[in-house]
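The structure file run.tsv is reproduced below (TSV, C-alpha atoms).
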```tsv
chain	number	residue	atom	x	y	z
A	1	MET	CA	-65.72	1.03	48.47
A	2	THR	CA	-66.46	2.60	45.11
A	3	ASN	CA	-63.85	3.31	42.45
A	4	GLN	CA	-64.34	7.05	43.07
A	5	GLU	CA	-63.62	6.61	46.80
A	6	ILE	CA	-60.46	4.64	45.97
A	7	ARG	CA	-59.33	7.36	43.53
A	8	GLU	CA	-59.87	10.02	46.22
A	9	LEU	CA	-57.89	7.96	48.75
A	10	LEU	CA	-55.07	7.51	46.21
A	11	GLU	CA	-54.98	11.27	45.63
A	12	ILE	CA	-54.83	11.95	49.39
A	13	PHE	CA	-52.08	9.32	49.75
A	14	HIS	CA	-50.05	10.79	46.87
A	15	GLU	CA	-50.36	14.39	48.12
A	16	SER	CA	-49.63	13.55	51.76
A	17	GLY	CA	-46.23	11.95	51.19
A	18	VAL	CA	-46.84	9.41	53.99
A	19	ALA	CA	-45.12	6.04	53.63
A	20	GLU	CA	-48.18	3.91	54.40
A	21	MET	CA	-51.93	4.30	54.71
A	22	GLU	CA	-54.69	1.81	55.55
A	23	VAL	CA	-58.45	2.45	55.41
A	24	GLN	CA	-61.21	0.03	56.37
A	25	ARG	CA	-64.90	0.57	55.64
A	26	GLY	CA	-67.15	-2.32	56.54
A	27	GLY	CA	-65.76	-5.45	54.86
A	28	ASP	CA	-63.55	-3.50	52.43
A	29	ARG	CA	-59.97	-2.71	53.34
A	30	LEU	CA	-57.47	-0.69	51.30
A	31	ARG	CA	-53.77	-0.58	52.19
A	32	LEU	CA	-51.32	1.68	50.36
A	33	THR	CA	-47.56	1.44	50.88
A	34	ARG	CA	-44.92	3.63	49.27
A	35	ALA	CA	-41.63	1.86	48.47
A	36	SER	CA	-39.08	3.75	46.34
A	37	ALA	CA	-40.81	4.77	43.10
A	38	VAL	CA	-43.46	2.04	43.19
A	39	HIS	CA	-46.89	2.28	44.85
A	40	HIS	CA	-48.27	-0.96	46.30
A	41	VAL	CA	-52.02	-1.29	46.37
A	42	ALA	CA	-53.74	-4.19	48.09
A	43	VAL	CA	-57.49	-4.56	48.37
A	44	ALA	CA	-58.68	-7.30	50.72
A	45	GLN	CA	-61.56	-8.37	48.51
A	46	PRO	CA	-61.24	-11.10	45.86
A	47	VAL	CA	-62.09	-10.13	42.29
A	48	ILE	CA	-64.36	-12.66	40.63
A	49	ALA	CA	-63.92	-12.84	36.86
A	50	ALA	CA	-67.69	-13.01	36.23
A	51	ALA	CA	-68.25	-9.87	38.31
A	52	ASN	CA	-65.48	-7.99	36.53
A	53	PRO	CA	-66.68	-6.85	33.06
A	54	LEU	CA	-63.10	-6.35	31.83
A	55	ALA	CA	-62.07	-9.85	32.92
A	56	ALA	CA	-65.18	-11.35	31.34
A	57	ALA	CA	-64.33	-9.63	28.04
A	58	LEU	CA	-60.75	-10.98	27.95
A	59	PRO	CA	-59.98	-14.49	26.80
A	60	SER	CA	-58.95	-16.76	29.67
A	61	ALA	CA	-55.47	-17.11	28.13
A	62	ALA	CA	-54.90	-13.37	28.66
A	63	LEU	CA	-55.53	-13.79	32.38
A	64	ALA	CA	-53.32	-16.86	32.80
A	65	PRO	CA	-49.67	-16.46	33.83
A	66	ALA	CA	-47.17	-16.88	31.01
A	67	LYS	CA	-45.39	-20.19	30.63
A	68	THR	CA	-41.64	-19.62	30.90
A	69	ALA	CA	-38.46	-21.62	30.85
A	70	ALA	CA	-36.86	-22.17	34.24
A	71	PRO	CA	-34.04	-19.68	34.78
A	72	GLU	CA	-30.67	-20.93	35.95
A	73	PRO	CA	-29.83	-20.70	39.68
A	74	ASN	CA	-27.21	-17.97	39.15
A	75	HIS	CA	-29.71	-15.65	37.41
A	76	THR	CA	-31.25	-12.76	39.31
A	77	ILE	CA	-35.01	-12.69	38.79
A	78	VAL	CA	-36.71	-9.29	38.51
A	79	LYS	CA	-40.25	-9.71	39.85
A	80	SER	CA	-43.31	-7.49	39.65
A	81	PRO	CA	-43.71	-5.55	42.89
A	82	ILE	CA	-47.39	-4.86	42.09
A	83	VAL	CA	-50.44	-6.17	40.25
A	84	GLY	CA	-51.05	-4.41	36.95
A	85	THR	CA	-50.41	-4.41	33.23
A	86	TYR	CA	-46.87	-4.95	31.90
A	87	TYR	CA	-45.49	-2.61	29.20
A	88	ASP	CA	-41.99	-2.99	27.75
A	89	ALA	CA	-41.84	0.57	26.31
A	90	GLY	CA	-42.71	4.07	27.49
A	91	SER	CA	-45.35	4.54	24.78
A	92	PRO	CA	-46.92	2.60	21.92
A	93	GLY	CA	-44.51	2.39	18.98
A	94	ALA	CA	-41.49	3.35	21.12
A	95	PRO	CA	-38.56	0.92	21.31
A	96	PRO	CA	-38.56	-1.35	24.38
A	97	PHE	CA	-36.56	-0.26	27.42
A	98	VAL	CA	-34.45	-3.45	27.20
A	99	LYS	CA	-34.11	-6.54	25.00
A	100	VAL	CA	-32.59	-9.97	25.62
A	101	GLY	CA	-28.82	-9.56	25.41
A	102	ASP	CA	-28.77	-5.93	26.61
A	103	ALA	CA	-26.37	-4.93	29.39
A	104	VAL	CA	-28.17	-3.31	32.34
A	105	GLU	CA	-27.08	-1.28	35.35
A	106	PRO	CA	-28.69	-0.81	38.77
A	107	GLY	CA	-31.44	1.80	38.55
A	108	GLN	CA	-32.00	1.30	34.81
A	109	VAL	CA	-35.69	1.13	33.84
A	110	LEU	CA	-36.63	-2.32	32.52
A	111	CYS	CA	-40.39	-1.90	32.01
A	112	ILE	CA	-43.52	-0.17	33.24
A	113	ILE	CA	-46.34	-1.71	35.26
A	114	GLU	CA	-49.60	0.23	35.01
A	115	SER	CA	-51.71	-0.07	38.12
A	116	MET	CA	-54.83	2.00	38.75
A	117	LYS	CA	-53.84	4.48	36.03
A	118	LEU	CA	-50.39	4.98	37.63
A	119	MET	CA	-47.34	4.16	35.50
A	120	ASN	CA	-44.72	2.53	37.74
A	121	GLU	CA	-41.19	2.21	36.38
A	122	ILE	CA	-39.57	-1.08	37.36
A	123	GLU	CA	-35.82	-0.71	37.74
A	124	CYS	CA	-33.01	-3.24	37.65
A	125	GLU	CA	-31.29	-3.86	40.98
A	126	VAL	CA	-28.11	-5.54	39.67
A	127	ALA	CA	-25.55	-4.94	36.92
A	128	GLY	CA	-25.62	-7.67	34.31
A	129	THR	CA	-27.15	-8.89	31.06
A	130	ILE	CA	-30.82	-9.60	30.28
A	131	VAL	CA	-30.97	-13.34	29.47
A	132	HIS	CA	-34.75	-13.93	29.52
A	133	LYS	CA	-37.77	-11.69	29.06
A	134	LEU	CA	-40.51	-13.58	30.89
A	135	CYS	CA	-43.58	-11.45	30.12
A	136	GLU	CA	-45.44	-10.29	27.02
A	137	ASN	CA	-46.23	-6.63	26.35
A	138	GLY	CA	-49.72	-5.58	27.44
A	139	ARG	CA	-50.33	-8.68	29.59
A	140	PRO	CA	-51.67	-8.52	33.16
A	141	VAL	CA	-49.10	-9.45	35.81
A	142	GLU	CA	-49.48	-10.53	39.42
A	143	TYR	CA	-47.52	-9.46	42.49
A	144	GLY	CA	-44.25	-11.43	42.59
A	145	GLU	CA	-44.50	-12.65	38.99
A	146	ALA	CA	-41.12	-13.04	37.26
A	147	LEU	CA	-40.54	-10.42	34.56
A	148	PHE	CA	-36.85	-10.77	33.61
A	149	ALA	CA	-33.87	-13.04	34.32
A	150	VAL	CA	-30.58	-11.15	34.60
A	151	GLN	CA	-27.13	-12.76	34.49
A	152	PRO	CA	-25.18	-10.70	37.08
A	153	ARG	CA	-21.68	-9.51	36.21
```
Would you encode the structure as structure tokens?
Amino acid sequence: MTNQEIRELLEIFHESGVAEMEVQRGGDRLRLTRASAVHHVAVAQPVIAAANPLAAALPSAALAPAKTAAPEPNHTIVKSPIVGTYYDAGSPGAPPFVKVGDAVEPGQVLCIIESMKLMNEIECEVAGTIVHKLCENGRPVEYGEALFAVQPR
């Protein structure tokens, strides 16, 4: 599947309002699932760093997961629901959505994950206090990667 074909499928998916869509062409498979305000995109084809010009241009440290301190058992971990690029503010130069020590409420935006040119707001699911920020601004994140540790109230 070409990038243009994927863009067209994303546009059809967005306009249709369906909850889930899966397309298979030859060995390529694209599955789109809508969950709240976040779009999940999974392509069943591994990306090889040497074949990806962007990945080849980035230092290997930029592609590696961040090293973080282990959160305590009573902390709620906010994880990335998608693969993409983590941003802690709505635009360059804007203040971050949250900082360590900030009180948060359910539904409050914590960060943005950019995936396939879509900006996905990641919201807090519990009331509490941000105790750890586990990701750096502008860094790629994986599905399920820990972004924040929240001490619930």
Please check which residues have atoms at most 8 Å from (-27.7, -11.3, 26.4) in the file's coordinates, counting only C-alpha atoms, and write them as a PyMOL selection string.
chain A and resi 100-103+129-131
Best match for closeness to A:Tyr86 among A:Cys124, A:Cys135, A:Leu32, A:Ala146, counting only C-alpha atoms:
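Checking each of A:Cys124, A:Cys135, A:Leu32, A:Ala146 against A:Tyr86, counting only C-alpha atoms, the winner is A:Cys135.
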Could you state the separation of atom CA of A:Asn137 and atom CA of A:Ile113 in Å, given to one decimal place?
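Distance reported for this atom pair: 10.2 Å.
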Tell me, in Å to one decimal, how far atom CA of A:Asn3 is from atom CA of A:Glu145.
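Separating atom CA of A:Asn3 from atom CA of A:Glu145 is a distance of 25.3 Å.
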Provide the atom CA of A:Glu22 to atom CA of A:Val78 distance in Å, to one decimal place.
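Interatomic distance here is 27.1 Å.
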Measuring between only C-alpha atoms, which one of A:Phe97, A:Gln108, A:Ile77, A:Glu121 shows the shortest distance to A:Gln151?
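The shortest atom-to-atom distance to A:Gln151 comes from A:Ile77.
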